[in-house]
>>> print(open('start_39.cif').read())   # mmCIF, C-alpha atoms
data_entry
#
loop_
_atom_site.group_PDB
_atom_site.id
_atom_site.type_symbol
_atom_site.label_atom_id
_atom_site.label_comp_id
_atom_site.auth_asym_id
_atom_site.auth_seq_id
_atom_site.Cartn_x
_atom_site.Cartn_y
_atom_site.Cartn_z
ATOM 1 C CA MET A 1036 118.620 111.205 138.542
ATOM 2 C CA LEU A 1037 117.251 107.665 138.743
ATOM 3 C CA PHE A 1038 114.651 108.525 141.354
ATOM 4 C CA VAL A 1039 113.281 111.290 139.126
ATOM 5 C CA GLY A 1040 112.836 108.830 136.270
ATOM 6 C CA VAL A 1041 111.111 106.363 138.552
ATOM 7 C CA ALA A 1042 108.831 109.079 139.869
ATOM 8 C CA LEU A 1043 107.859 110.125 136.364
ATOM 9 C CA LEU A 1044 107.218 106.532 135.356
ATOM 10 C CA ILE A 1045 104.902 106.188 138.361
ATOM 11 C CA ALA A 1046 103.092 109.366 137.391
ATOM 12 C CA ALA A 1047 102.779 108.158 133.799
ATOM 13 C CA GLY A 1048 101.302 104.909 135.048
ATOM 14 C CA ILE A 1049 98.758 106.817 137.104
ATOM 15 C CA GLY A 1050 97.869 108.876 134.041
ATOM 16 C CA LEU A 1051 97.324 105.760 131.954
ATOM 17 C CA LEU A 1052 95.084 104.261 134.614
ATOM 18 C CA VAL A 1053 92.875 107.322 134.575
ATOM 19 C CA SER A 1054 90.195 107.166 131.900
ATOM 20 C CA VAL A 1055 89.899 109.794 129.166
ATOM 21 C CA ASP A 1056 86.687 111.002 130.803
ATOM 22 C CA ALA A 1057 88.396 111.782 134.104
ATOM 23 C CA ALA A 1058 88.583 115.508 133.400
ATOM 24 C CA THR A 1059 84.837 115.670 132.747
ATOM 25 C CA GLN A 1060 84.048 113.655 135.846
ATOM 26 C CA LEU A 1061 86.120 116.046 137.946
ATOM 27 C CA GLY A 1062 84.490 119.083 136.364
ATOM 28 C CA LEU A 1063 87.759 120.205 134.773
ATOM 29 C CA THR A 1064 88.721 121.143 131.247
ATOM 30 C CA GLN A 1065 91.372 119.069 129.495
ATOM 31 C CA MET A 1066 93.876 121.893 129.992
ATOM 32 C CA GLN A 1067 93.105 122.123 133.723
ATOM 33 C CA PHE A 1068 93.376 118.365 134.032
ATOM 34 C CA GLY A 1069 96.744 118.476 132.265
ATOM 35 C CA GLN A 1070 97.966 121.163 134.664
ATOM 36 C CA LEU A 1071 96.777 119.051 137.572
ATOM 37 C CA LEU A 1072 98.684 116.048 136.243
ATOM 38 C CA VAL A 1073 101.854 118.142 135.918
ATOM 39 C CA GLY A 1074 101.375 119.269 139.517
ATOM 40 C CA VAL A 1075 101.069 115.651 140.618
ATOM 41 C CA VAL A 1076 104.315 114.855 138.805
ATOM 42 C CA LEU A 1077 106.092 117.690 140.591
ATOM 43 C CA VAL A 1078 104.787 116.596 143.972
ATOM 44 C CA ILE A 1079 105.964 113.029 143.331
ATOM 45 C CA VAL A 1080 109.371 114.286 142.213
ATOM 46 C CA PHE A 1081 109.890 116.415 145.319
ATOM 47 C CA ALA A 1082 108.549 113.651 147.544
ATOM 48 C CA ALA A 1083 111.017 111.229 146.000
ATOM 49 C CA ALA A 1084 113.777 113.790 146.487
ATOM 50 C CA ALA A 1085 112.889 114.130 150.152
ATOM 51 C CA PHE A 1086 113.548 110.429 150.650
ATOM 52 C CA SER A 1087 116.811 110.548 148.742
ATOM 53 C CA ARG A 1088 119.541 112.008 150.938
ATOM 54 C CA ARG A 1089 122.306 111.249 148.510
ATOM 55 C CA GLN A 1090 121.609 114.229 146.276
ATOM 56 C CA ARG A 1091 121.861 117.891 147.049
ATOM 57 C CA PHE A 1092 119.170 120.378 146.213
ATOM 58 C CA GLY A 1093 121.174 121.724 143.250
ATOM 59 C CA ALA A 1094 121.414 118.273 141.706
ATOM 60 C CA ILE A 1095 117.723 117.686 142.330
ATOM 61 C CA ALA A 1096 116.838 120.994 140.659
ATOM 62 C CA ALA A 1097 119.073 120.202 137.662
ATOM 63 C CA ASN A 1098 117.501 116.782 137.234
ATOM 64 C CA LEU A 1099 114.057 118.261 137.553
ATOM 65 C CA ALA A 1100 114.838 120.870 134.872
ATOM 66 C CA VAL A 1101 116.026 118.149 132.485
ATOM 67 C CA TRP A 1102 112.909 116.055 132.944
ATOM 68 C CA LEU A 1103 110.611 119.068 132.670
ATOM 69 C CA GLY A 1104 112.367 119.961 129.411
ATOM 70 C CA LEU A 1105 111.808 116.455 128.075
ATOM 71 C CA PHE A 1106 108.203 116.606 129.219
ATOM 72 C CA ALA A 1107 107.722 119.934 127.387
ATOM 73 C CA ILE A 1108 109.272 118.534 124.185
ATOM 74 C CA ALA A 1109 107.016 115.481 124.345
ATOM 75 C CA LEU A 1110 103.970 117.669 124.943
ATOM 76 C CA ILE A 1111 104.799 119.958 122.007
ATOM 77 C CA GLY A 1112 105.450 116.947 119.781
ATOM 78 C CA TYR A 1113 102.084 115.446 120.709
ATOM 79 C CA THR A 1114 100.272 118.757 120.144
ATOM 80 C CA TYR A 1115 101.745 119.193 116.644
ATOM 81 C CA ARG A 1116 101.887 115.498 115.787
ATOM 82 C CA GLU A 1117 99.808 115.869 112.597
ATOM 83 C CA ASP A 1118 102.023 118.673 111.260
ATOM 84 C CA ILE A 1119 105.125 116.673 112.138
ATOM 85 C CA LYS A 1120 103.735 113.623 110.343
ATOM 86 C CA THR A 1121 103.020 115.732 107.236
ATOM 87 C CA VAL A 1122 106.523 117.214 107.156
ATOM 88 C CA ALA A 1123 108.080 113.802 107.765
ATOM 89 C CA ALA A 1124 106.029 112.304 104.927
ATOM 90 C CA GLN A 1125 107.157 115.047 102.542
ATOM 91 C CA VAL A 1126 110.812 114.552 103.467
ATOM 92 C CA PHE A 1127 110.458 110.794 103.072
ATOM 93 C CA GLY A 1128 108.743 111.345 99.721
ATOM 94 C CA GLU A 1129 111.742 113.323 98.482
ATOM 95 C CA LEU A 1130 114.145 110.622 99.652
ATOM 96 C CA SER A 1131 111.984 107.755 98.392
ATOM 97 C CA PRO A 1132 109.964 109.017 95.385
ATOM 98 C CA THR A 1133 108.267 105.635 94.779
ATOM 99 C CA THR A 1134 106.576 105.812 98.191
ATOM 100 C CA ALA A 1135 103.187 107.508 98.348
ATOM 101 C CA ILE A 1136 102.392 110.465 100.564
ATOM 102 C CA VAL A 1137 98.910 109.408 101.584
ATOM 103 C CA ASP A 1138 96.198 111.859 102.541
ATOM 104 C CA SER A 1139 93.471 109.551 103.829
ATOM 105 C CA LYS A 1140 91.157 112.469 104.584
ATOM 106 C CA ASN A 1141 91.024 113.560 100.937
ATOM 107 C CA GLY A 1142 91.660 110.119 99.496
ATOM 108 C CA THR A 1143 94.801 111.078 97.597
ATOM 109 C CA ALA A 1144 98.231 109.568 97.066
ATOM 110 C CA THR A 1145 101.097 111.806 95.943
ATOM 111 C CA PHE A 1146 104.372 110.694 94.372
ATOM 112 C CA HIS A 1147 107.529 112.625 93.539
ATOM 113 C CA ARG A 1148 109.276 112.477 90.192
ATOM 114 C CA GLY A 1149 112.407 110.367 90.221
ATOM 115 C CA PHE A 1150 115.857 111.524 89.244
ATOM 116 C CA ASP A 1151 115.309 110.045 85.776
ATOM 117 C CA GLY A 1152 112.297 112.308 85.214
ATOM 118 C CA HIS A 1153 109.699 109.527 85.513
ATOM 119 C CA PHE A 1154 107.148 108.612 88.164
ATOM 120 C CA LEU A 1155 107.814 105.151 89.557
ATOM 121 C CA VAL A 1156 104.872 104.202 91.745
ATOM 122 C CA ALA A 1157 104.985 101.653 94.573
ATOM 123 C CA SER A 1158 102.030 99.302 94.210
ATOM 124 C CA THR A 1159 100.659 95.973 95.339
ATOM 125 C CA VAL A 1160 99.400 93.631 92.611
ATOM 126 C CA ASN A 1161 97.646 90.453 93.672
ATOM 127 C CA GLY A 1162 99.178 90.944 97.105
ATOM 128 C CA LYS A 1163 102.749 91.327 95.806
ATOM 129 C CA ASP A 1164 104.730 94.564 96.030
ATOM 130 C CA MET A 1165 106.099 95.887 92.763
ATOM 131 C CA PRO A 1166 106.936 99.277 91.220
ATOM 132 C CA LEU A 1167 104.892 100.531 88.264
ATOM 133 C CA LEU A 1168 105.971 103.226 85.830
ATOM 134 C CA PHE A 1169 103.241 105.856 85.420
ATOM 135 C CA ASP A 1170 102.404 105.810 81.707
ATOM 136 C CA THR A 1171 99.283 107.468 80.300
ATOM 137 C CA GLY A 1172 100.363 106.199 76.895
ATOM 138 C CA ALA A 1173 99.623 102.642 77.982
ATOM 139 C CA SER A 1174 96.010 101.688 77.317
ATOM 140 C CA ALA A 1175 96.124 99.241 80.221
ATOM 141 C CA VAL A 1176 98.213 98.157 83.154
ATOM 142 C CA VAL A 1177 101.069 96.159 81.652
ATOM 143 C CA LEU A 1178 103.083 93.702 83.710
ATOM 144 C CA SER A 1179 106.450 92.420 82.679
ATOM 145 C CA TYR A 1180 106.782 88.663 82.331
ATOM 146 C CA ALA A 1181 108.745 88.452 85.579
ATOM 147 C CA ASP A 1182 106.330 90.658 87.553
ATOM 148 C CA ALA A 1183 103.340 88.695 86.285
ATOM 149 C CA ARG A 1184 104.917 85.496 87.545
ATOM 150 C CA ARG A 1185 105.581 87.164 90.917
ATOM 151 C CA ALA A 1186 101.908 88.196 91.037
ATOM 152 C CA GLY A 1187 100.875 84.548 90.831
ATOM 153 C CA ILE A 1188 99.851 84.530 87.174
ATOM 154 C CA ASP A 1189 100.448 81.253 85.345
ATOM 155 C CA VAL A 1190 102.523 82.815 82.569
ATOM 156 C CA GLY A 1191 103.279 79.413 81.017
ATOM 157 C CA HIS A 1192 99.707 79.111 79.774
ATOM 158 C CA LEU A 1193 99.297 82.651 78.460
ATOM 159 C CA VAL A 1194 98.835 83.375 74.759
ATOM 160 C CA PHE A 1195 100.787 86.454 73.668
ATOM 161 C CA ASP A 1196 98.760 87.428 70.637
ATOM 162 C CA THR A 1197 97.646 90.993 71.459
ATOM 163 C CA PRO A 1198 99.621 93.920 69.998
ATOM 164 C CA VAL A 1199 100.192 96.700 72.527
ATOM 165 C CA THR A 1200 101.657 100.175 72.252
ATOM 166 C CA THR A 1201 103.269 101.968 75.180
ATOM 167 C CA ALA A 1202 105.749 104.768 75.663
ATOM 168 C CA ASN A 1203 108.424 102.072 75.429
ATOM 169 C CA GLY A 1204 107.311 101.010 71.957
ATOM 170 C CA THR A 1205 105.190 98.214 70.516
ATOM 171 C CA GLY A 1206 105.085 94.537 71.345
ATOM 172 C CA ARG A 1207 102.827 91.607 72.010
ATOM 173 C CA ALA A 1208 101.065 90.718 75.221
ATOM 174 C CA ALA A 1209 98.519 88.413 76.786
ATOM 175 C CA VAL A 1210 95.231 89.645 78.202
ATOM 176 C CA VAL A 1211 94.634 88.948 81.919
ATOM 177 C CA THR A 1212 92.516 90.226 84.783
ATOM 178 C CA LEU A 1213 94.272 91.222 87.995
ATOM 179 C CA ASP A 1214 92.479 90.167 91.161
ATOM 180 C CA SER A 1215 93.555 93.239 93.119
ATOM 181 C CA MET A 1216 95.655 96.377 92.926
ATOM 182 C CA GLU A 1217 96.516 98.898 95.612
ATOM 183 C CA ILE A 1218 98.421 102.145 95.217
ATOM 184 C CA GLY A 1219 98.814 104.564 98.117
ATOM 185 C CA GLY A 1220 95.778 103.143 99.908
ATOM 186 C CA ILE A 1221 93.631 103.262 96.743
ATOM 187 C CA LYS A 1222 92.295 99.749 96.188
ATOM 188 C CA ARG A 1223 90.779 98.263 93.069
ATOM 189 C CA SER A 1224 89.795 94.753 92.038
ATOM 190 C CA HIS A 1225 89.324 92.908 88.746
ATOM 191 C CA ILE A 1226 91.523 95.245 86.723
ATOM 192 C CA PRO A 1227 92.013 94.326 83.034
ATOM 193 C CA ALA A 1228 95.706 94.180 82.207
ATOM 194 C CA PHE A 1229 98.310 92.886 79.801
ATOM 195 C CA VAL A 1230 101.302 90.675 80.430
ATOM 196 C CA ALA A 1231 104.181 91.439 78.110
ATOM 197 C CA ASP A 1232 105.952 88.584 76.405
ATOM 198 C CA ARG A 1233 109.223 87.389 77.890
ATOM 199 C CA GLY A 1234 111.984 89.956 77.382
ATOM 200 C CA ALA A 1235 109.637 92.519 75.804
ATOM 201 C CA LEU A 1236 109.438 94.804 78.828
ATOM 202 C CA ASN A 1237 111.973 95.554 81.529
ATOM 203 C CA GLY A 1238 109.476 97.002 84.026
ATOM 204 C CA SER A 1239 105.729 97.107 84.543
ATOM 205 C CA LEU A 1240 103.499 100.033 83.606
ATOM 206 C CA LEU A 1241 100.655 101.811 85.379
ATOM 207 C CA GLY A 1242 98.249 102.326 82.499
ATOM 208 C CA MET A 1243 94.741 103.530 81.841
ATOM 209 C CA THR A 1244 92.725 100.532 83.061
ATOM 210 C CA PHE A 1245 93.675 101.568 86.582
ATOM 211 C CA LEU A 1246 93.965 105.316 86.043
ATOM 212 C CA GLU A 1247 90.493 105.601 84.517
ATOM 213 C CA THR A 1248 88.953 104.202 87.726
ATOM 214 C CA LEU A 1249 90.209 107.252 89.646
ATOM 215 C CA SER A 1250 88.238 110.432 90.131
ATOM 216 C CA ARG A 1251 91.297 112.269 88.810
ATOM 217 C CA TYR A 1252 95.042 112.101 88.381
ATOM 218 C CA THR A 1253 97.180 115.185 87.937
ATOM 219 C CA VAL A 1254 100.802 115.978 87.264
ATOM 220 C CA ALA A 1255 101.977 119.353 88.567
ATOM 221 C CA GLY A 1256 105.671 120.053 88.427
ATOM 222 C CA ASP A 1257 107.481 117.153 90.052
ATOM 223 C CA LYS A 1258 104.398 115.728 91.742
ATOM 224 C CA LEU A 1259 101.898 113.114 90.636
ATOM 225 C CA GLU A 1260 98.622 112.995 92.553
ATOM 226 C CA LEU A 1261 96.127 110.143 92.345
ATOM 227 C CA ALA A 1262 92.656 110.718 93.782
ATOM 228 C CA ASP A 1263 90.340 107.870 94.749
#
>>> encode(input="start_39.cif", output="structure tokens")
Amino acid sequence: MLFVGVALLIAAGIGLLVSVDAATQLGLTQMQFGQLLVGVVLVIVFAAAAFSRRQRFGAIAANLAVWLGLFAIALIGYTYREDIKTVAAQVFGELSPTTAIVDSKNGTATFHRGFDGHFLVASTVNGKDMPLLFDTGASAVVLSYADARRAGIDVGHLVFDTPVTTANGTGRAAVVTLDSMEIGGIKRSHIPAFVADRGALNGSLLGMTFLETLSRYTVAGDKLELAD
């Protein structure tokens, strides 16, 4: 079976050396060129088999069938790669609800509701990864004291004199401006935000100062969609 693998590796190398315009230069369609390449593989396989006297024809045929099956699976996977990526993203979204299912073509990021009934959104704030709780009741993005420190904010010099109201209740916070935020490929800069006083907030909130920069955000069933 080794010689078959070697033969296929040689054929793959030949295919990589051929430019993407080879089919056009030969006056062939992409399908015809693909069929030609398969024929070349078969010729190489049988030629390699002819020089290998240690295997019988039955073994050669069995090995050939295995490799052709693998080749067919790879070809089908490549043909439907976009559909496979979409399905894989949806499955991953169910298993990891904080991770965005990104549709770069339409500029959207979709999140699944967590087991606790809330949307916890994976984000990057000032270059640091941190989860944000989707909260339309928050007038601004609100970072916890710990998350603000992780984001590089000098929390020791902040003045916590601004009353804020969120779904978690009321408290006091300091006004800051975030250099950058990114959620599911949607990037924003210079976002007004609050930093909650120490111990006032367990987690950070995705509030309106980011949400209002979007073209839309919708909640349908167990899905949250953000549109750039």
>>> atom_distance(input="start_39.cif", atom1="CA of Glu1217 in chain A", atom2="CA of Asp1164 in chain A")
9.3 Å
>>> resolve_selection(input="start_39.cif", expression="the PyMOL selection byres ((chain A and resi 1192) around 12)", output="PyMOL selection string")
chain A and resi 1184+1188-1191+1193-1195+1209-1211+1230+1232
>>> write_last_selection(input="start_39.cif", atoms="C-alpha atoms", output="PDB file, keeping the file's coordinate frame")
ATOM      1  CA  ARG A1184     104.917  85.496  87.545  1.00  0.00           C
ATOM      2  CA  ILE A1188      99.851  84.530  87.174  1.00  0.00           C
ATOM      3  CA  ASP A1189     100.448  81.253  85.345  1.00  0.00           C
ATOM      4  CA  VAL A1190     102.523  82.815  82.569  1.00  0.00           C
ATOM      5  CA  GLY A1191     103.279  79.413  81.017  1.00  0.00           C
ATOM      6  CA  LEU A1193      99.297  82.651  78.460  1.00  0.00           C
ATOM      7  CA  VAL A1194      98.835  83.375  74.759  1.00  0.00           C
ATOM      8  CA  PHE A1195     100.787  86.454  73.668  1.00  0.00           C
ATOM      9  CA  ALA A1209      98.519  88.413  76.786  1.00  0.00           C
ATOM     10  CA  VAL A1210      95.231  89.645  78.202  1.00  0.00           C
ATOM     11  CA  VAL A1211      94.634  88.948  81.919  1.00  0.00           C
ATOM     12  CA  VAL A1230     101.302  90.675  80.430  1.00  0.00           C
ATOM     13  CA  ASP A1232     105.952  88.584  76.405  1.00  0.00           C
TER      14      ASP A1232
END
>>> resolve_selection(input="start_39.cif", expression="the PyMOL selection byres ((chain A and resi 1244) around 7)", output="MDAnalysis selection string")
chainID A and resid 1174:1176 1226:1227 1242:1243 1245:1247
>>> resolve_selection(input="start_39.cif", expression="the PyMOL selection byres ((chain A and resi 1257) around 6)", output="JSON, numbers by chain")
{"A": [1147, 1148, 1256, 1258]}
>>> atom_distance(input="start_39.cif", atom1="CA of Asp1263 in chain A", atom2="CA of Val1156 in chain A")
15.3 Å
>>> closest_residue(input="start_39.cif", among="A:Ile1218, A:Ala1181, A:Leu1241, A:Leu1249", to="Val1137 in chain A", atoms="only C-alpha atoms")
A:Ile1218
>>> build_atoms(input="start_39.cif", residues="range 1146-1157 of chain A", atoms="N, CA and C atoms", output="short mmCIF file (atom, residue, chain, number, x, y, z; two decimals), in the coordinates of the input")
data_model
loop_
_atom_site.label_atom_id
_atom_site.label_comp_id
_atom_site.auth_asym_id
_atom_site.auth_seq_id
_atom_site.Cartn_x
_atom_site.Cartn_y
_atom_site.Cartn_z
N PHE A 1146 103.04 111.25 94.63
CA PHE A 1146 104.37 110.69 94.37
C PHE A 1146 105.27 111.78 93.80
N HIS A 1147 106.56 111.67 94.06
CA HIS A 1147 107.53 112.62 93.54
C HIS A 1147 108.24 112.03 92.32
N ARG A 1148 108.57 112.91 91.39
CA ARG A 1148 109.28 112.48 90.19
C ARG A 1148 110.68 111.98 90.56
N GLY A 1149 111.09 110.91 89.95
CA GLY A 1149 112.41 110.37 90.22
C GLY A 1149 113.50 111.16 89.52
N PHE A 1150 114.73 110.82 89.83
CA PHE A 1150 115.86 111.52 89.24
C PHE A 1150 115.93 111.35 87.74
N ASP A 1151 115.31 110.28 87.21
CA ASP A 1151 115.31 110.04 85.78
C ASP A 1151 114.18 110.78 85.06
N GLY A 1152 113.38 111.54 85.82
CA GLY A 1152 112.30 112.31 85.21
C GLY A 1152 110.98 111.58 85.14
N HIS A 1153 110.93 110.32 85.58
CA HIS A 1153 109.70 109.53 85.51
C HIS A 1153 109.10 109.34 86.91
N PHE A 1154 107.83 108.94 86.91
CA PHE A 1154 107.15 108.61 88.16
C PHE A 1154 107.10 107.09 88.31
N LEU A 1155 107.83 106.58 89.26
CA LEU A 1155 107.81 105.15 89.56
C LEU A 1155 107.00 104.97 90.83
N VAL A 1156 105.89 104.26 90.69
CA VAL A 1156 104.87 104.20 91.74
C VAL A 1156 104.92 102.85 92.46
N ALA A 1157 105.04 102.89 93.78
CA ALA A 1157 104.98 101.65 94.57
C ALA A 1157 103.55 101.14 94.58
#
